[in-house]
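First the structure, in the form of structure tokens, and then the observations on it.
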Amino acid sequence: MKGPLFYSKILLFGEYGIIKDSKGLSIPYNFYNGALKVDDNLDGKAKKSNQELLKFASYLEEVSNDSESEVTFDIDKLKSDVKAGLYFDSSIPQGYGVGSSGALVAAIYDKYALNRITVLENLGREKLLKLKRIFSKMESFFHGKSSGLDPLNSYLSLPILIKSHEDLEPAGIPSQTASGKGAVFLLDSGIVGETAPMVSIFMENMKQEGFKNMIKDKFVKHTDACVDDFLKGDFKSLFTNVKNLSNVVLDNFKPMIPQKFHELWKKGIDTNAYYLKLCGSGGGGYILGFTEDFEKAQKALGDHKLEVVYTF
């Protein structure tokens, strides 16, 4: 058995902000993907995945049995498949902020959810929100509090615009310019990040009045402006707002930026060669970069491994 492919995602804007009702923009990233497979002779990564799925199956059984749950699963089928050697065969790096658990959740929902909402249906706001709630419940098994956005993006394989907690829709993003000098890119920090500790630092900080005001007056404001600029294709204004956002993150989210990147982060702001921002919860994994001239950014970032995500 081999299931359909589910892709990684990139949250271009909205990390942390969407917890506090900022806008967000999430796009599928087809470079990485994963699929469910069955093999009766498991070892290494596949064996670890299979063991994780066994625990996940027990968790989903509780979800299914909850009278208030919006979703039920074919638990017998899932458990028998896990016993037969079910695992998630994935090229999506874990702890890198590109949705490895999101793709797995989407694959499990697609195969084992009863009465599932399919991607072929007319997906109005209500159905999208219901899917997001279901995915949030499922993904919270992996890292405490989940918005459900990563699995939603992976399941639909469409860019998604988050307007607020209760308002999201598929988004049309400007088409890429193959010959464009500008780029959104991923910078590999070489460190695996963990979502739960980072989110817990953020939630702790939110108890402080000053931090809370900064999120509302600066972080959310710049994030919303970036989303609007990107969707309109107003890249001149986008870079002004991304620079502001990069500055705010450097000043207020230091624990989420690996220590050895603090200087590199500031160098981008000072030289305007590139601007960096968090990709997902931070703490490691990928860092997201924006530049008006990719060659210039490449030179400035020296030996660091970069992957282009989008060109304009």
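Letters A, B, ... mark the chains of the structure tokens in the order given; residue numbers begin at 1 per chain; ligand numbers begin at 1, in order shown.
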message: Excluding region 40-47 of chain A and its own-chain neighbours fewer than 5 positions away, which residues fall within 10 Å of it when counting only C-alpha atoms? Please give them as a ChimeraX atom specification.
response: /A:52-53,82-90
Next, the residues of the selection above should be written as an mmCIF file, in the first residue's frame with all heavy atoms.
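And here is the file that came out, result_10.cif:
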data_model
loop_
_atom_site.group_PDB
_atom_site.id
_atom_site.type_symbol
_atom_site.label_atom_id
_atom_site.label_comp_id
_atom_site.auth_asym_id
_atom_site.auth_seq_id
_atom_site.Cartn_x
_atom_site.Cartn_y
_atom_site.Cartn_z
ATOM 1 N N GLU A 52 5.437 5.573 16.638
ATOM 2 C CA GLU A 52 4.743 6.844 16.899
ATOM 3 C C GLU A 52 3.276 6.744 16.478
ATOM 4 O O GLU A 52 2.379 7.235 17.159
ATOM 5 C CB GLU A 52 5.459 7.956 16.104
ATOM 6 C CG GLU A 52 4.956 9.345 16.370
ATOM 7 C CD GLU A 52 5.564 10.012 17.605
ATOM 8 O OE1 GLU A 52 6.118 9.331 18.473
ATOM 9 O OE2 GLU A 52 5.469 11.238 17.677
ATOM 10 N N LEU A 53 3.027 6.071 15.340
ATOM 11 C CA LEU A 53 1.651 5.919 14.850
ATOM 12 C C LEU A 53 0.803 5.065 15.791
ATOM 13 O O LEU A 53 -0.409 5.257 15.887
ATOM 14 C CB LEU A 53 1.645 5.316 13.441
ATOM 15 C CG LEU A 53 1.976 6.286 12.303
ATOM 16 C CD1 LEU A 53 2.060 5.543 10.977
ATOM 17 C CD2 LEU A 53 0.939 7.405 12.203
ATOM 18 N N VAL A 82 -1.346 -0.398 11.384
ATOM 19 C CA VAL A 82 -0.124 -0.114 12.161
ATOM 20 C C VAL A 82 0.557 -1.436 12.515
ATOM 21 O O VAL A 82 1.773 -1.584 12.401
ATOM 22 C CB VAL A 82 -0.449 0.708 13.445
ATOM 23 C CG1 VAL A 82 0.764 0.790 14.360
ATOM 24 C CG2 VAL A 82 -0.890 2.120 13.065
ATOM 25 N N LYS A 83 -0.253 -2.410 12.896
ATOM 26 C CA LYS A 83 0.275 -3.741 13.231
ATOM 27 C C LYS A 83 0.961 -4.382 12.019
ATOM 28 O O LYS A 83 1.971 -5.075 12.137
ATOM 29 C CB LYS A 83 -0.897 -4.620 13.703
ATOM 30 C CG LYS A 83 -0.536 -5.569 14.810
ATOM 31 C CD LYS A 83 -1.793 -6.252 15.345
ATOM 32 C CE LYS A 83 -1.403 -7.300 16.370
ATOM 33 N NZ LYS A 83 -2.593 -7.911 16.972
ATOM 34 N N ALA A 84 0.386 -4.102 10.838
ATOM 35 C CA ALA A 84 0.935 -4.686 9.603
ATOM 36 C C ALA A 84 2.187 -3.944 9.111
ATOM 37 O O ALA A 84 2.809 -4.351 8.139
ATOM 38 C CB ALA A 84 -0.143 -4.670 8.512
ATOM 39 N N GLY A 85 2.519 -2.812 9.793
ATOM 40 C CA GLY A 85 3.752 -2.100 9.409
ATOM 41 C C GLY A 85 3.520 -0.751 8.755
ATOM 42 O O GLY A 85 4.324 -0.300 7.930
ATOM 43 N N LEU A 86 2.416 -0.076 9.124
ATOM 44 C CA LEU A 86 2.145 1.256 8.571
ATOM 45 C C LEU A 86 3.159 2.274 9.097
ATOM 46 O O LEU A 86 3.489 2.280 10.281
ATOM 47 C CB LEU A 86 0.736 1.705 8.996
ATOM 48 C CG LEU A 86 0.268 3.080 8.462
ATOM 49 C CD1 LEU A 86 -0.093 3.006 6.983
ATOM 50 C CD2 LEU A 86 -0.946 3.583 9.268
ATOM 51 N N TYR A 87 3.663 3.105 8.204
ATOM 52 C CA TYR A 87 4.548 4.203 8.631
ATOM 53 C C TYR A 87 4.400 5.368 7.661
ATOM 54 O O TYR A 87 3.812 5.220 6.581
ATOM 55 C CB TYR A 87 6.009 3.741 8.705
ATOM 56 C CG TYR A 87 6.668 3.455 7.376
ATOM 57 C CD1 TYR A 87 7.561 4.361 6.795
ATOM 58 C CD2 TYR A 87 6.401 2.273 6.672
ATOM 59 C CE1 TYR A 87 8.162 4.108 5.569
ATOM 60 C CE2 TYR A 87 6.997 2.007 5.446
ATOM 61 C CZ TYR A 87 7.879 2.929 4.904
ATOM 62 O OH TYR A 87 8.469 2.682 3.681
ATOM 63 N N PHE A 88 4.895 6.530 8.057
ATOM 64 C CA PHE A 88 4.808 7.718 7.202
ATOM 65 C C PHE A 88 6.177 7.930 6.569
ATOM 66 O O PHE A 88 7.144 8.256 7.247
ATOM 67 C CB PHE A 88 4.394 8.930 8.030
ATOM 68 C CG PHE A 88 4.022 10.141 7.193
ATOM 69 C CD1 PHE A 88 3.035 10.064 6.222
ATOM 70 C CD2 PHE A 88 4.660 11.372 7.383
ATOM 71 C CE1 PHE A 88 2.680 11.171 5.457
ATOM 72 C CE2 PHE A 88 4.313 12.480 6.627
ATOM 73 C CZ PHE A 88 3.319 12.379 5.659
ATOM 74 N N ASP A 89 6.246 7.682 5.275
ATOM 75 C CA ASP A 89 7.510 7.803 4.547
ATOM 76 C C ASP A 89 7.651 9.249 4.075
ATOM 77 O O ASP A 89 6.939 9.680 3.170
ATOM 78 C CB ASP A 89 7.490 6.845 3.348
ATOM 79 C CG ASP A 89 8.804 6.863 2.589
ATOM 80 O OD1 ASP A 89 9.836 7.194 3.198
ATOM 81 O OD2 ASP A 89 8.793 6.552 1.376
ATOM 82 N N SER A 90 8.538 9.999 4.714
ATOM 83 C CA SER A 90 8.541 11.443 4.494
ATOM 84 C C SER A 90 9.934 12.008 4.269
ATOM 85 O O SER A 90 10.901 11.591 4.911
ATOM 86 C CB SER A 90 7.906 12.101 5.726
ATOM 87 O OG SER A 90 8.119 13.483 5.727
#
message: I want to know what sits within 12 Å of Gly144 (chain A), based on only C-alpha atoms, with residues of the same chain fewer than 2 positions away left out; could you give that as a ChimeraX atom specification?
response: /A:136-142,146-148,194-200
- prompt: Pick the closest to Tyr96 (chain A) from A:Gly190, A:Gly210, A:Gly14, A:Gly268: which is it, counting only C-alpha atoms?
  reply: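 Closest residue, counting only C-alpha atoms: A:Gly190.
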message: Going by DSSP on the backbone, which residues of region 77-233 of chain A come out as helix (DSSP H, G or I)? List them as a PyMOL selection string.
response: chain A and resi 77-83+100-112+125-143+149-156+195-205+209-232
Test item: residues at most 10 Å from Phe261 (chain A), only C-alpha atoms, excluding those fewer than 5 positions along its chain, as a PyMOL selection string: chain A and resi 189+254+266-267+276+284+287
- request: If you run DSSP over the backbone, which residues in region 33-154 of chain A end up strand (DSSP E or B)? Put them as a ChimeraX atom specification.
  value: /A:33-38,73,86-90,113
The selected residues should be written to file as an mmCIF file, in the first residue's frame (atoms: N, CA and C atoms).
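Writing done, so here's out.cif:
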data_model
loop_
_atom_site.group_PDB
_atom_site.id
_atom_site.type_symbol
_atom_site.label_atom_id
_atom_site.label_comp_id
_atom_site.auth_asym_id
_atom_site.auth_seq_id
_atom_site.Cartn_x
_atom_site.Cartn_y
_atom_site.Cartn_z
ATOM 1 N N ASN A 33 7.746 16.118 0.759
ATOM 2 C CA ASN A 33 6.432 15.484 0.875
ATOM 3 C C ASN A 33 6.523 14.174 1.653
ATOM 4 N N GLY A 34 5.350 13.615 1.928
ATOM 5 C CA GLY A 34 5.310 12.332 2.633
ATOM 6 C C GLY A 34 4.070 11.554 2.239
ATOM 7 N N ALA A 35 4.121 10.238 2.429
ATOM 8 C CA ALA A 35 2.976 9.375 2.120
ATOM 9 C C ALA A 35 2.945 8.207 3.100
ATOM 10 N N LEU A 36 1.746 7.693 3.363
ATOM 11 C CA LEU A 36 1.618 6.502 4.216
ATOM 12 C C LEU A 36 1.989 5.263 3.405
ATOM 13 N N LYS A 37 2.758 4.382 4.024
ATOM 14 C CA LYS A 37 3.134 3.124 3.360
ATOM 15 C C LYS A 37 3.054 1.993 4.376
ATOM 16 N N VAL A 38 2.983 0.772 3.871
ATOM 17 C CA VAL A 38 3.013 -0.402 4.754
ATOM 18 C C VAL A 38 4.175 -1.297 4.342
ATOM 19 N N PHE A 73 -12.838 8.136 13.698
ATOM 20 C CA PHE A 73 -11.909 7.429 12.807
ATOM 21 C C PHE A 73 -12.218 5.943 12.781
ATOM 22 N N LEU A 86 2.416 -0.076 9.124
ATOM 23 C CA LEU A 86 2.145 1.256 8.571
ATOM 24 C C LEU A 86 3.159 2.274 9.097
ATOM 25 N N TYR A 87 3.663 3.105 8.204
ATOM 26 C CA TYR A 87 4.548 4.203 8.631
ATOM 27 C C TYR A 87 4.400 5.368 7.661
ATOM 28 N N PHE A 88 4.895 6.530 8.057
ATOM 29 C CA PHE A 88 4.808 7.718 7.202
ATOM 30 C C PHE A 88 6.177 7.930 6.569
ATOM 31 N N ASP A 89 6.246 7.682 5.275
ATOM 32 C CA ASP A 89 7.510 7.803 4.547
ATOM 33 C C ASP A 89 7.651 9.249 4.075
ATOM 34 N N SER A 90 8.538 9.999 4.714
ATOM 35 C CA SER A 90 8.541 11.443 4.494
ATOM 36 C C SER A 90 9.934 12.008 4.269
ATOM 37 N N ALA A 113 -10.379 8.939 8.516
ATOM 38 C CA ALA A 113 -11.532 9.668 9.078
ATOM 39 C C ALA A 113 -12.815 9.191 8.413
#
statement: Atom pair CA of Glu62 (chain A) + CA of Ser101 (chain A), distance 19.0 Å
- request: Excluding Gly193 (chain A) and any residue of its chain fewer than 4 positions from it, enumerate the residues within 8 Å of it, using only C-alpha atoms, and give them as a PyMOL selection string.
  value: chain A and resi 95-97+281-285
